[in-house]
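Okay, query-v3.txt now, which holds compact mmCIF, C-alpha atoms:
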# COMPACT_ATOMS: atom_id res chain seq x y z
CA MET A 972 20.34 12.98 -19.04
CA LEU A 973 18.33 10.31 -17.18
CA ASP A 974 21.54 9.07 -15.54
CA ASP A 975 22.16 12.53 -14.08
CA PHE A 976 18.53 13.22 -13.15
CA PHE A 977 18.02 9.97 -11.25
CA ASN A 978 21.60 9.81 -9.94
CA PHE A 979 22.16 6.36 -11.41
CA LYS A 980 25.89 6.28 -10.70
CA GLU A 981 25.54 7.47 -7.12
CA ASN A 982 22.77 4.96 -6.41
CA GLY A 983 24.37 2.07 -8.26
CA ALA A 984 21.28 1.74 -10.47
CA ASP A 985 20.82 0.55 -14.05
CA TYR A 986 18.07 0.95 -16.64
CA ARG A 987 17.21 -2.72 -16.96
CA THR A 988 16.59 -3.24 -13.26
CA GLU A 989 14.62 -0.01 -12.86
CA ILE A 990 12.35 -0.67 -15.84
CA ILE A 991 11.67 -4.30 -15.00
CA ALA A 992 11.07 -3.35 -11.37
CA GLY A 993 8.59 -0.68 -12.48
CA ILE A 994 6.72 -3.17 -14.66
CA THR A 995 6.66 -5.70 -11.83
CA THR A 996 5.32 -3.13 -9.37
CA PHE A 997 2.54 -2.24 -11.79
CA LEU A 998 1.60 -5.89 -12.25
CA ALA A 999 1.58 -6.38 -8.47
CA MET A 1000 -0.64 -3.30 -8.07
CA ALA A 1001 -2.86 -3.79 -11.13
CA TYR A 1002 -5.52 -5.62 -9.13
CA ILE A 1003 -6.61 -2.22 -7.78
CA LEU A 1004 -7.95 -1.45 -11.26
CA GLY A 1005 -10.49 -4.21 -10.78
CA VAL A 1006 -11.04 -4.05 -7.01
CA ASN A 1007 -11.56 -0.31 -6.62
CA PRO A 1008 -14.40 0.05 -9.16
CA SER A 1009 -16.30 -2.94 -7.73
CA MET A 1010 -15.91 -1.68 -4.15
CA LEU A 1011 -16.76 1.99 -4.76
CA ALA A 1012 -19.70 0.94 -6.94
CA GLU A 1013 -21.34 -0.42 -3.77
CA GLY A 1014 -21.38 3.17 -2.56
CA GLY A 1015 -23.31 4.30 -5.64
CA MET A 1016 -20.44 5.38 -7.88
CA PRO A 1017 -20.42 4.26 -11.56
CA ALA A 1018 -17.88 1.42 -11.79
CA ASN A 1019 -16.65 2.30 -15.27
CA ALA A 1020 -15.92 5.89 -14.24
CA VAL A 1021 -14.15 4.70 -11.06
CA PHE A 1022 -11.85 2.56 -13.22
CA PHE A 1023 -10.66 5.56 -15.20
CA SER A 1024 -10.35 7.73 -12.10
CA THR A 1025 -8.26 5.01 -10.49
CA ALA A 1026 -5.98 4.57 -13.50
CA ILE A 1027 -5.43 8.29 -14.14
CA ALA A 1028 -4.93 9.24 -10.49
CA SER A 1029 -2.54 6.34 -9.90
CA GLY A 1030 -0.57 7.10 -13.04
CA ILE A 1031 -0.10 10.79 -12.25
CA ALA A 1032 0.73 10.14 -8.58
CA CYS A 1033 3.35 7.51 -9.46
CA ILE A 1034 5.02 9.86 -11.94
CA VAL A 1035 5.04 12.68 -9.35
CA MET A 1036 6.69 10.31 -6.86
CA GLY A 1037 9.30 9.28 -9.42
CA LEU A 1038 10.16 12.79 -10.64
CA VAL A 1039 9.88 14.76 -7.40
CA ALA A 1040 11.06 12.28 -4.76
CA LYS A 1041 12.99 9.97 -7.14
CA PHE A 1042 11.72 7.18 -4.92
CA PRO A 1043 10.80 3.69 -6.30
CA VAL A 1044 7.28 3.67 -4.90
CA GLY A 1045 3.96 3.23 -6.67
CA LEU A 1046 0.77 4.96 -5.52
CA ALA A 1047 -2.89 4.09 -6.01
CA PRO A 1048 -6.17 4.22 -4.07
CA GLY A 1049 -5.32 2.39 -0.85
CA MET A 1050 -6.90 -0.88 0.15
CA GLY A 1051 -8.55 -0.28 3.50
CA LEU A 1052 -9.03 3.37 2.65
CA ASN A 1053 -11.46 2.40 -0.12
CA ALA A 1054 -13.29 0.15 2.36
CA LEU A 1055 -13.44 3.01 4.87
CA PHE A 1056 -14.68 5.30 2.09
CA THR A 1057 -17.45 2.94 0.93
CA TYR A 1058 -18.67 0.90 3.88
CA THR A 1059 -18.18 3.38 6.74
CA ILE A 1060 -18.41 6.89 5.30
CA ILE A 1061 -21.04 6.25 2.62
CA LEU A 1062 -23.08 3.21 3.66
CA GLU A 1063 -22.84 3.28 7.47
CA MET A 1064 -22.75 7.05 8.04
CA GLY A 1065 -25.21 7.79 5.23
CA ASN A 1066 -23.15 10.27 3.23
CA SER A 1067 -23.33 10.70 -0.54
CA TRP A 1068 -20.30 9.71 -2.56
CA GLU A 1069 -19.88 13.37 -3.52
CA SER A 1070 -19.53 14.43 0.12
CA ALA A 1071 -17.24 11.45 0.76
CA LEU A 1072 -14.97 12.69 -2.04
CA ALA A 1073 -15.08 16.18 -0.52
CA ALA A 1074 -13.96 14.66 2.81
CA VAL A 1075 -11.09 12.92 1.01
CA PHE A 1076 -10.10 16.25 -0.53
CA ILE A 1077 -10.11 18.08 2.82
CA SER A 1078 -8.21 15.30 4.61
CA SER A 1079 -5.66 15.27 1.77
CA ILE A 1080 -5.16 19.05 2.04
CA ILE A 1081 -4.61 18.73 5.81
CA PHE A 1082 -2.25 15.83 5.16
CA PHE A 1083 -0.34 18.01 2.69
CA ILE A 1084 -0.04 20.82 5.27
CA ILE A 1085 1.18 18.35 7.93
CA THR A 1086 3.78 17.10 5.45
CA ILE A 1087 5.19 20.45 4.31
CA SER A 1088 5.26 21.71 7.91
CA GLY A 1089 7.67 18.93 8.83
CA LEU A 1090 5.28 17.49 11.44
CA ARG A 1091 4.97 14.21 9.58
CA GLU A 1092 8.72 13.62 9.60
CA ALA A 1093 8.94 14.73 13.25
CA ILE A 1094 6.32 12.15 14.24
CA LEU A 1095 8.17 9.53 12.21
CA ASN A 1096 11.39 10.23 14.11
CA LEU A 1097 9.58 9.81 17.44
CA ILE A 1098 9.05 6.12 16.71
CA PRO A 1099 11.96 4.02 18.06
CA ALA A 1100 14.30 2.49 15.48
CA ASP A 1101 13.56 -1.13 16.49
CA LEU A 1102 9.84 -0.48 16.26
CA LYS A 1103 10.35 0.86 12.74
CA ILE A 1104 12.08 -2.42 11.88
CA GLY A 1105 9.09 -4.25 13.31
CA ILE A 1106 6.75 -2.17 11.16
CA GLY A 1107 8.72 -3.10 8.04
CA ALA A 1108 8.73 -6.79 8.94
CA GLY A 1109 5.04 -6.63 9.80
CA ILE A 1110 4.32 -5.19 6.38
CA GLY A 1111 6.24 -8.14 4.92
CA PHE A 1112 4.01 -10.61 6.76
CA PHE A 1113 0.99 -8.55 5.73
CA LEU A 1114 2.06 -8.71 2.08
CA ALA A 1115 2.43 -12.48 2.23
CA PHE A 1116 -1.00 -12.77 3.86
CA LEU A 1117 -2.50 -10.67 1.06
CA GLY A 1118 -0.92 -12.99 -1.49
CA PHE A 1119 -2.12 -16.19 0.21
CA LYS A 1120 -5.62 -14.81 0.73
CA GLY A 1121 -6.00 -13.38 -2.76
CA ALA A 1122 -5.10 -16.70 -4.37
CA GLY A 1123 -7.38 -18.75 -2.12
CA ILE A 1124 -4.55 -20.54 -0.28
CA ILE A 1125 -5.93 -18.98 2.92
CA VAL A 1126 -9.71 -18.59 3.19
CA ASN A 1127 -12.37 -17.48 5.66
CA ASN A 1128 -13.66 -19.96 8.23
CA PRO A 1129 -16.58 -19.27 10.60
CA SER A 1130 -15.02 -21.35 13.37
CA THR A 1131 -11.31 -20.51 13.14
CA TYR A 1132 -11.66 -17.21 11.21
CA VAL A 1133 -9.01 -18.30 8.68
CA THR A 1134 -7.94 -21.69 7.42
CA MET A 1135 -6.17 -23.32 4.51
CA GLY A 1136 -8.12 -23.39 1.28
CA ASN A 1137 -8.64 -26.26 -1.14
CA LEU A 1138 -5.16 -27.11 -2.40
CA LEU A 1139 -6.66 -28.95 -5.38
CA ALA A 1140 -8.43 -25.83 -6.67
CA PRO A 1141 -6.89 -24.68 -9.99
CA SER A 1142 -6.21 -21.15 -8.72
CA VAL A 1143 -4.45 -22.46 -5.62
CA ILE A 1144 -2.36 -24.95 -7.59
CA LEU A 1145 -1.31 -22.19 -9.98
CA ALA A 1146 -0.40 -19.84 -7.12
CA LEU A 1147 1.67 -22.54 -5.40
CA ILE A 1148 3.47 -23.31 -8.65
CA GLY A 1149 4.19 -19.59 -9.08
CA ILE A 1150 5.54 -19.25 -5.54
CA LEU A 1151 7.82 -22.29 -5.98
CA ILE A 1152 9.08 -21.13 -9.39
CA THR A 1153 9.81 -17.63 -8.06
CA LEU A 1154 11.50 -19.03 -4.96
CA VAL A 1155 13.76 -21.24 -7.12
CA PHE A 1156 14.58 -18.24 -9.33
CA TYR A 1157 15.43 -16.16 -6.26
CA ILE A 1158 17.62 -18.85 -4.68
CA ARG A 1159 19.42 -19.36 -7.99
CA LYS A 1160 19.89 -15.57 -8.15
CA VAL A 1161 18.10 -15.24 -11.48
CA PRO A 1162 17.90 -11.51 -12.40
CA ALA A 1163 14.35 -10.11 -12.01
CA ALA A 1164 13.24 -13.37 -10.36
CA VAL A 1165 9.89 -11.97 -9.22
CA PHE A 1166 9.00 -10.51 -12.61
CA PHE A 1167 9.87 -13.63 -14.60
CA GLY A 1168 8.13 -15.75 -11.99
CA MET A 1169 4.88 -13.89 -12.68
CA ILE A 1170 5.29 -14.09 -16.46
CA ILE A 1171 5.84 -17.86 -16.38
CA THR A 1172 2.98 -18.33 -13.90
CA ALA A 1173 0.61 -16.39 -16.18
CA ALA A 1174 1.69 -18.53 -19.14
CA ILE A 1175 1.08 -21.74 -17.18
CA GLY A 1176 -2.32 -20.42 -16.15
CA ILE A 1177 -3.25 -19.81 -19.79
CA VAL A 1178 -2.24 -23.40 -20.62
CA PHE A 1179 -4.36 -24.66 -17.70
CA SER A 1180 -7.37 -22.73 -18.96
CA PHE A 1181 -6.77 -23.92 -22.54
CA LEU A 1182 -6.83 -27.52 -21.27
CA GLY A 1183 -10.07 -26.85 -19.40
CA PHE A 1184 -8.51 -26.81 -15.93
CA GLY A 1185 -9.93 -23.84 -14.06
CA THR A 1186 -11.76 -22.32 -17.03
CA GLY A 1187 -14.19 -19.68 -15.82
CA ASN A 1188 -12.46 -19.25 -12.44
CA PRO A 1189 -11.98 -15.46 -11.97
CA LEU A 1190 -8.69 -16.09 -10.14
CA MET A 1191 -7.21 -17.84 -13.17
CA PRO A 1192 -5.55 -15.90 -16.02
CA SER A 1193 -7.27 -15.99 -19.38
CA ILE A 1194 -7.06 -14.53 -22.86
CA PRO A 1195 -9.51 -11.59 -23.00
CA ALA A 1196 -12.11 -11.18 -25.72
CA GLN A 1197 -10.53 -7.83 -26.56
CA PHE A 1198 -7.08 -6.47 -25.82
CA ILE A 1199 -7.79 -2.77 -26.26
CA SER A 1200 -10.69 -0.61 -25.04
CA VAL A 1201 -11.45 3.06 -25.77
CA ASN A 1202 -14.66 3.31 -23.77
CA PHE A 1203 -13.62 6.20 -21.50
CA ASP A 1204 -15.73 7.69 -18.70
CA PHE A 1205 -14.38 10.73 -16.86
CA SER A 1206 -17.65 11.77 -15.21
CA LEU A 1207 -16.23 11.59 -11.67
CA PHE A 1208 -13.51 14.17 -12.26
CA GLY A 1209 -14.26 17.21 -10.06
CA GLY A 1210 -17.20 15.44 -8.43
CA PHE A 1211 -15.92 16.36 -4.97
CA LEU A 1212 -16.97 19.98 -5.58
CA ARG A 1213 -20.64 18.95 -5.42
CA GLY A 1214 -20.22 17.41 -1.96
CA PHE A 1215 -19.18 20.39 0.15
CA ALA A 1216 -22.74 21.55 0.95
CA GLN A 1217 -23.74 18.26 2.56
CA LEU A 1218 -20.32 17.83 4.14
CA PHE A 1219 -20.47 21.09 6.11
CA SER A 1220 -24.12 20.64 7.10
CA ASN A 1221 -23.08 18.20 9.85
CA ILE A 1222 -19.85 19.28 11.58
CA PRO A 1223 -19.51 16.27 13.97
CA ASN A 1224 -19.95 13.97 10.98
CA LEU A 1225 -17.36 16.00 9.05
CA PHE A 1226 -14.85 15.74 11.91
CA MET A 1227 -15.25 11.96 12.21
CA MET A 1228 -14.83 11.42 8.46
CA VAL A 1229 -11.77 13.63 8.13
CA PHE A 1230 -10.11 12.28 11.30
CA SER A 1231 -10.55 8.65 10.23
CA LEU A 1232 -9.29 9.29 6.70
CA LEU A 1233 -6.37 11.37 7.95
CA PHE A 1234 -5.25 8.86 10.58
CA VAL A 1235 -5.36 5.80 8.34
CA THR A 1236 -3.63 7.68 5.51
CA PHE A 1237 -0.94 9.06 7.80
CA PHE A 1238 0.14 5.82 9.42
CA ASP A 1239 -0.48 3.45 6.51
CA ALA A 1240 1.50 5.60 4.09
CA THR A 1241 4.15 6.68 6.58
CA GLY A 1242 4.68 3.11 7.72
CA THR A 1243 5.02 1.92 4.13
CA LEU A 1244 7.41 4.70 3.09
CA MET A 1245 9.42 4.28 6.28
CA SER A 1246 9.90 0.57 5.62
CA LEU A 1247 10.80 1.04 1.95
CA GLY A 1248 12.99 4.02 2.83
CA LYS A 1249 15.11 1.86 5.10
CA GLN A 1250 15.65 -0.68 2.32
CA CYS A 1251 16.57 2.10 -0.13
CA GLY A 1252 18.94 3.87 2.25
CA PHE A 1253 16.66 6.77 3.22
CA ILE A 1254 16.75 5.71 6.89
CA ASP A 1255 20.08 5.66 8.74
CA GLU A 1256 21.29 3.19 11.39
CA LYS A 1257 19.65 5.24 14.16
CA GLY A 1258 16.29 5.09 12.41
CA GLN A 1259 16.30 8.77 11.41
CA SER A 1260 14.98 9.70 7.98
CA MET A 1261 17.36 11.19 5.43
CA GLY A 1262 15.85 12.95 2.44
CA ILE A 1263 12.56 11.08 2.70
CA GLU A 1264 10.59 14.34 3.01
CA LYS A 1265 10.13 14.56 -0.78
CA ALA A 1266 8.61 11.08 -0.78
CA PHE A 1267 6.21 12.23 1.93
CA LEU A 1268 5.39 15.33 -0.12
CA SER A 1269 4.70 13.28 -3.26
CA ASP A 1270 2.50 10.93 -1.26
CA ALA A 1271 0.49 13.87 0.11
CA ILE A 1272 0.06 15.30 -3.39
CA GLY A 1273 -1.16 11.87 -4.52
CA GLY A 1274 -4.09 12.08 -2.09
CA ILE A 1275 -5.17 15.44 -3.52
CA ILE A 1276 -4.88 14.09 -7.09
CA GLY A 1277 -7.09 11.12 -6.20
CA SER A 1278 -9.88 13.24 -4.74
CA VAL A 1279 -9.88 15.58 -7.74
CA CYS A 1280 -9.97 12.65 -10.17
CA GLY A 1281 -12.86 11.08 -8.28
CA THR A 1282 -11.59 8.16 -6.23
CA SER A 1283 -10.82 7.27 -2.63
CA THR A 1284 -7.49 8.33 -1.12
CA VAL A 1285 -4.41 7.64 -3.24
CA THR A 1286 -1.44 6.60 -1.15
CA ALA A 1287 1.87 4.71 -1.22
CA PHE A 1288 1.35 1.03 -1.99
CA VAL A 1289 3.03 -1.64 0.06
CA GLU A 1290 3.34 -3.73 -3.11
CA SER A 1291 6.08 -1.30 -4.12
CA ALA A 1292 8.32 -3.55 -2.06
CA THR A 1293 8.44 -5.77 -5.15
CA ALA A 1294 10.48 -3.08 -6.92
CA VAL A 1295 12.78 -2.51 -3.96
CA GLY A 1296 13.21 -6.25 -3.56
CA MET A 1297 14.30 -6.47 -7.20
CA GLY A 1298 16.95 -3.80 -6.67
CA ALA A 1299 15.18 -0.62 -7.79
CA LYS A 1300 16.88 2.42 -6.29
CA THR A 1301 15.55 5.43 -8.21
CA GLY A 1302 12.33 7.10 -9.25
CA LEU A 1303 12.57 5.72 -12.78
CA SER A 1304 10.78 2.56 -11.68
CA ALA A 1305 7.92 4.67 -10.24
CA VAL A 1306 7.69 6.61 -13.52
CA VAL A 1307 7.47 3.34 -15.44
CA THR A 1308 4.72 2.16 -13.10
CA GLY A 1309 2.86 5.44 -13.60
CA ILE A 1310 3.10 5.28 -17.39
CA LEU A 1311 1.69 1.75 -17.34
CA PHE A 1312 -1.23 2.91 -15.18
CA LEU A 1313 -1.98 5.63 -17.73
CA LEU A 1314 -1.70 3.16 -20.61
CA SER A 1315 -3.96 0.75 -18.77
CA ILE A 1316 -6.98 2.82 -19.80
CA PHE A 1317 -6.37 1.30 -23.23
CA ILE A 1318 -5.16 -2.22 -22.33
CA ALA A 1319 -7.15 -2.84 -19.17
CA PRO A 1320 -8.81 -6.02 -20.49
CA LEU A 1321 -5.42 -7.64 -21.13
CA ILE A 1322 -3.85 -6.65 -17.79
CA LEU A 1323 -6.85 -7.69 -15.71
CA ALA A 1324 -7.23 -11.00 -17.57
CA LEU A 1325 -3.61 -12.14 -17.28
CA PHE A 1326 -2.34 -10.88 -13.93
CA THR A 1327 -4.92 -12.19 -11.51
CA PRO A 1328 -4.35 -12.71 -7.74
CA SER A 1329 -3.18 -16.28 -8.40
CA VAL A 1330 -0.40 -14.89 -10.58
CA THR A 1331 0.64 -11.96 -8.38
CA ALA A 1332 0.58 -14.07 -5.19
CA ALA A 1333 4.16 -15.19 -5.79
CA ALA A 1334 5.43 -11.60 -5.89
CA LEU A 1335 3.70 -10.71 -2.62
CA VAL A 1336 4.82 -13.85 -0.79
CA ILE A 1337 8.47 -13.73 -1.88
CA VAL A 1338 8.82 -10.01 -1.19
CA GLY A 1339 7.13 -10.55 2.18
CA PHE A 1340 9.76 -13.17 2.96
CA LEU A 1341 12.53 -10.71 2.05
CA MET A 1342 11.08 -7.97 4.26
CA MET A 1343 10.68 -10.36 7.19
CA ALA A 1344 14.47 -10.76 7.25
CA GLN A 1345 14.71 -7.32 8.91
CA LEU A 1346 13.73 -8.93 12.22
CA GLY A 1347 17.32 -10.11 12.62
CA SER A 1348 18.26 -6.53 13.53
CA VAL A 1349 15.76 -6.26 16.40
CA ASP A 1350 17.13 -6.19 19.96
CA TRP A 1351 15.16 -9.22 21.16
CA ALA A 1352 16.93 -9.16 24.53
CA ASN A 1353 15.07 -5.93 25.31
CA SER A 1354 11.64 -6.99 26.59
CA VAL A 1355 10.02 -3.62 25.80
CA ILE A 1356 11.24 -3.71 22.21
CA SER A 1357 10.36 -7.36 21.67
CA ALA A 1358 6.85 -6.89 23.09
CA SER A 1359 6.15 -3.81 20.96
CA VAL A 1360 7.49 -5.42 17.77
CA PHE A 1361 5.39 -8.52 18.45
CA MET A 1362 2.23 -6.44 18.97
CA THR A 1363 2.94 -4.46 15.82
CA ILE A 1364 3.26 -7.56 13.65
CA ILE A 1365 0.45 -9.65 15.12
CA MET A 1366 -2.11 -6.83 15.15
CA MET A 1367 -1.16 -5.64 11.67
CA ILE A 1368 -1.91 -9.07 10.25
CA LEU A 1369 -4.98 -9.96 12.33
CA SER A 1370 -6.63 -6.54 12.00
CA TYR A 1371 -5.77 -6.37 8.27
CA SER A 1372 -4.48 -2.83 8.83
CA ILE A 1373 -1.00 -1.33 8.84
CA SER A 1374 -2.13 1.69 10.86
CA ILE A 1375 -3.79 -0.41 13.58
CA GLY A 1376 -0.63 -2.51 13.88
CA ILE A 1377 1.48 0.63 14.32
CA ALA A 1378 -0.94 1.96 16.95
CA TRP A 1379 -0.81 -1.21 19.06
CA GLY A 1380 2.97 -1.46 18.76
CA PHE A 1381 3.42 2.13 19.93
CA ILE A 1382 1.03 1.65 22.86
CA ALA A 1383 2.93 -1.49 23.92
CA TYR A 1384 6.19 0.46 23.71
CA PHE A 1385 4.78 3.33 25.78
CA VAL A 1386 3.40 1.04 28.50
CA GLY A 1387 6.60 -1.02 28.56
CA SER A 1388 8.72 2.13 28.95
CA ILE A 1389 6.60 3.22 31.92
CA ALA A 1390 7.08 -0.23 33.47
CA GLU A 1391 10.84 0.30 33.13
CA GLY A 1392 10.56 3.58 34.99
CA LYS A 1393 11.26 5.77 31.96
CA PHE A 1394 8.10 7.87 32.15
CA ARG A 1395 10.00 11.14 32.61
CA GLU A 1396 12.33 10.36 29.69
CA MET A 1397 9.46 10.47 27.20
CA GLY A 1398 8.70 13.95 25.91
CA TRP A 1399 5.29 15.52 25.63
CA GLU A 1400 5.21 14.58 21.95
CA MET A 1401 5.15 10.89 22.90
CA HIS A 1402 2.19 11.50 25.21
CA VAL A 1403 0.28 13.37 22.52
CA LEU A 1404 0.95 10.57 20.05
CA LEU A 1405 -0.31 8.01 22.61
CA ILE A 1406 -3.56 9.94 23.02
CA VAL A 1407 -4.02 10.11 19.24
CA PHE A 1408 -3.50 6.35 18.93
CA LEU A 1409 -5.95 5.61 21.73
CA VAL A 1410 -8.60 7.92 20.28
CA TYR A 1411 -8.18 6.28 16.90
CA LEU A 1412 -8.43 2.72 18.21
CA PHE A 1413 -11.46 3.32 20.41
CA PHE A 1414 -13.35 6.10 18.62
CA GLY A 1415 -11.76 6.69 15.22
CA LEU A 1416 -13.67 4.12 13.16

Take the structure I supplied and represent it as C-alpha cells, if you would.
Amino acid sequence: MLDDFFNFKENGADYRTEIIAGITTFLAMAYILGVNPSMLAEGGMPANAVFFSTAIASGIACIVMGLVAKFPVGLAPGMGLNALFTYTIILEMGNSWESALAAVFISSIIFFIITISGLREAILNLIPADLKIGIGAGIGFFLAFLGFKGAGIIVNNPSTYVTMGNLLAPSVILALIGILITLVFYIRKVPAAVFFGMIITAAIGIVFSFLGFGTGNPLMPSIPAQFISVNFDFSLFGGFLRGFAQLFSNIPNLFMMVFSLLFVTFFDATGTLMSLGKQCGFIDEKGQSMGIEKAFLSDAIGGIIGSVCGTSTVTAFVESATAVGMGAKTGLSAVVTGILFLLSIFIAPLILALFTPSVTAAALVIVGFLMMAQLGSVDWANSVISASVFMTIIMMILSYSISIGIAWGFIAYFVGSIAEGKFREMGWEMHVLLIVFLVYLFFGL
C-alpha cells in the first residue's frame, strides 16, 4: 500500500533509504527544538511551552508535506523568521507576543491564498533557470556556513567579522572528526554516509566527555540525566486569538509586520523548495516547476499550523537537503521526520543531549558540498548570469539570509539585462518583482 501511495517504483525509492533519510533530516533539524524556545523566550514567551509548540507544529507540518505533496522536505519554525519575530516585531517594534502570533497567522493566510491562486508558482517561473541554480548552490554554501558556525569552527571577530575558531577546542575537534569521517564514508560510497557519520561522531563525543575532554561544553554530546520527559505545556496553543485587538489598533505597524513576515517566508521557503525540487526532479531542464505546487501548498499550511500552535512561522527547512542528498525521493522520509518531531516531546532530553551542533555540522557541510556541485551547470560565459549568480551566493552567505540573497541576485540580473539592451523583453511582472525586492531591501526590515 505504501509502495503505491508514495510511487516507490516510479521514483526508484526504497524503504531503507527513505526511513534513514527521514531520521537524518530530523537529527539535522532537531537543534530548532532547543534554539526556538530560547530565542522566543527573549520576547516574553514561556520557553517550555514554546518547545512543545515547536515540536507539535513541526511534526504535523512534516507529515502534511509527506502525505499531501509526497515531497522529502521537513518543516519547522524557520531560523531568521524566529529572529524577525522576536527581535524586530516584539522587542524593537514593541508588540506583544500575542499580537506577533496574530501577525504570523494573517501572513500565513495571505501566503496560503497566494499559493492556491498559482501566483507563487508564477513568480517562481519568472526567475531565470541559471539564477535558480545559483540559489540552490548558494543554499549549499549557506548550509556549510551554518555547520561551521554552529560547531565553532567559524566564529565572530570584531575586526574581520568572522574568523577561524580555536581548532583545539573539544567541540571543534569533534566537528572536524565528524566531517572527515562523513567525507570518507561518502567517497567510499557507504550507504547512508551522512547518517552513520553523525551516529559515529556522537559516539566519539560521548567517549570524549567520559574521558573529561570537553565535559560541560554545551556543543559536546552528553548522556542526559533523564531520557524521557512528560512535562507538557500547551499554553501557547490558540494564543494568537488574543493578539488581534492590539494588532489592528495600529494599521501601519500591522502592514510592516505582515509584509516582512510574508516576504521572508515567500522567498526563503520558495528558494529552498525550488532547490530541493530540482534535485528531486520537480524542476525540468528549462527551470520550470513540475508538480511542485503541492509542496508549496503544504508549506503554506505549515505556516498556519505554526501560528495556531503558538510559534513563529513554520516553513521548509534547508536542512532537508540531507535527505535529498542521501537519495530520498518520496514523502515517506518527511513523514518519518514528522513522527520523530512528535515523539520528541517525550525524548527531547536524549535528542538534544546527543545531537548537538558539533555532531550535525558534518551533515550540513557535506550536503552543502553536494549542492555546490550545481554550479557546473551555470552558463559562466554569460556575464549577466554569472554576475547575478555571484551576487545571489555572496549576499546569501554574508547577510545570513536566503531571501536577501535571492533579492540581490534578481536585482543584478535585472540591471544586467537592461545593460544588454533587453529592457523591452522583460514583462511587467519582472518590473513588479523588482519593485518588491527593492522595497524589501530598503524598507522591509

Just checking: using all atoms listed in the file, which residue out of A:Met1227, A:Ala1305, A:Ala1292, A:Ile1098 ends up closest to Ser1359 of chain A? A:Ile1098

Can you tell me, as a ChimeraX atom specification, what residues are no more than 12 Å from segment 986-990 of chain A when counting all atoms listed in the file, ignoring any on the same chain fewer than 6 positions away? /A:973-974,977-980,996-997,1037,1041-1044,1162-1166,1293-1311

Report the distance between atom CA of Ile1177 of chain A and atom CA of Lys1160 of chain A in Å, rounded to one decimal place. 26.2 Å

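Closest approach to Ala1196 of chain A among A:Ala1358, A:Met1343, A:Ile1318, A:Ile1027 is made by A:Ile1318 (distances from only C-alpha atoms).
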
Output, as JSON, the centre and edge lengths in Å (one decimal) of the axis-aligned box that contains all listed atoms of segment 1360-1373 of chain A with 6 Å of margin on each side.
{"center_x": 0.4, "center_y": -5.6, "center_z": 13.6, "size_x": 26.1, "size_y": 20.6, "size_z": 22.7}

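For the choices A:Ile1222, A:Ala1216, A:Leu1405, A:Val1235, the atom-to-atom distance to Leu1055 of chain A is smallest for A:Val1235 when using only C-alpha atoms.
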
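Residues surrounding Phe1226 of chain A within 12 Å are Ile1060, Ala1074, Val1075, Ile1077, Ser1078, Leu1218, Phe1219, Ser1220, Asn1221, Ile1222, Pro1223, Val1229, Phe1230, Ser1231, Leu1232, Leu1233, Phe1234, Phe1414, Gly1415 and Leu1416 of chain A [only C-alpha atoms; sequence separation below 3 positions excluded].
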
Shell around Thr1327 of chain A at 6 Å using all atoms listed in the file, local window under 2 positions removed, as a ChimeraX atom specification: /A:1190,1192,1325,1329-1330

Write the selection just made, keeping C-alpha atoms, as a tab-separated table (two decimals), in the frame of the given file?
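Output contents, as saved in result.tsv:
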chain	number	residue	atom	x	y	z
A	1190	LEU	CA	-8.69	-16.09	-10.14
A	1192	PRO	CA	-5.55	-15.90	-16.02
A	1325	LEU	CA	-3.61	-12.14	-17.28
A	1329	SER	CA	-3.18	-16.28	-8.40
A	1330	VAL	CA	-0.40	-14.89	-10.58

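The nearest approach to Ile1034 of chain A among the residues A:Ile1272, A:Val1021, A:Ile1194, A:Ile1171, with all atoms listed in the file taken into account, belongs to A:Ile1272.
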
One residue among A:Phe976, A:Leu1151, A:Val1410, A:Ala999 is nearest to Phe1312 of chain A when using all atoms listed in the file, and that residue is A:Ala999

Atom CA of Val1355 of chain A to atom CA of Leu1341 of chain A: how many Å, to one decimal? 24.9 Å

Need the neighbours of (11.7, 16.1, 5.9): which residues are at most 7 Å away, counting all atoms listed in the file, as a ChimeraX atom specification? /A:1089,1092,1262-1264

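Using only C-alpha atoms for every distance, the candidate list A:Gly1049, A:Gly1347, A:Ile1031, A:Ile1316 yields A:Ile1316 as the residue closest to Phe1205 of chain A.
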
Hey, what's within 12 Å of Leu1409 of chain A if we count all atoms listed in the file and toss same-chain stuff fewer than 5 positions away? As a PyMOL selection string, please? chain A and resi 1234+1375+1377-1383+1385+1402-1404+1414-1416

Restrict the selected residues to C-alpha atoms and save them as an mmCIF file, keeping the file's coordinate frame.
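Output file again24.cif follows:
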data_model
loop_
_atom_site.group_PDB
_atom_site.id
_atom_site.type_symbol
_atom_site.label_atom_id
_atom_site.label_comp_id
_atom_site.auth_asym_id
_atom_site.auth_seq_id
_atom_site.Cartn_x
_atom_site.Cartn_y
_atom_site.Cartn_z
ATOM 1 C CA PHE A 1234 -5.250 8.860 10.580
ATOM 2 C CA ILE A 1375 -3.790 -0.410 13.580
ATOM 3 C CA ILE A 1377 1.480 0.630 14.320
ATOM 4 C CA ALA A 1378 -0.940 1.960 16.950
ATOM 5 C CA TRP A 1379 -0.810 -1.210 19.060
ATOM 6 C CA GLY A 1380 2.970 -1.460 18.760
ATOM 7 C CA PHE A 1381 3.420 2.130 19.930
ATOM 8 C CA ILE A 1382 1.030 1.650 22.860
ATOM 9 C CA ALA A 1383 2.930 -1.490 23.920
ATOM 10 C CA PHE A 1385 4.780 3.330 25.780
ATOM 11 C CA HIS A 1402 2.190 11.500 25.210
ATOM 12 C CA VAL A 1403 0.280 13.370 22.520
ATOM 13 C CA LEU A 1404 0.950 10.570 20.050
ATOM 14 C CA PHE A 1414 -13.350 6.100 18.620
ATOM 15 C CA GLY A 1415 -11.760 6.690 15.220
ATOM 16 C CA LEU A 1416 -13.670 4.120 13.160
#

To one decimal in Å, tell me the separation between atom CA of Ser1374 of chain A and atom CA of Ala1018 of chain A. 27.6 Å

Cut-off 12 Å around (5.1, -10.4, 18.1) with all atoms listed in the file: residues as a PyMOL selection string: chain A and resi 1102+1105-1106+1108-1109+1112+1346+1349+1351+1354-1369+1376+1379-1380+1383

Spatial neighbours of Ala1071 of chain A, 9 Å, only C-alpha atoms, chain gap at least 3 places, as number ranges by chain: A: 1056-1057, 1060-1061, 1066-1068, 1074-1076, 1211, 1214, 1218, 1228, 1283
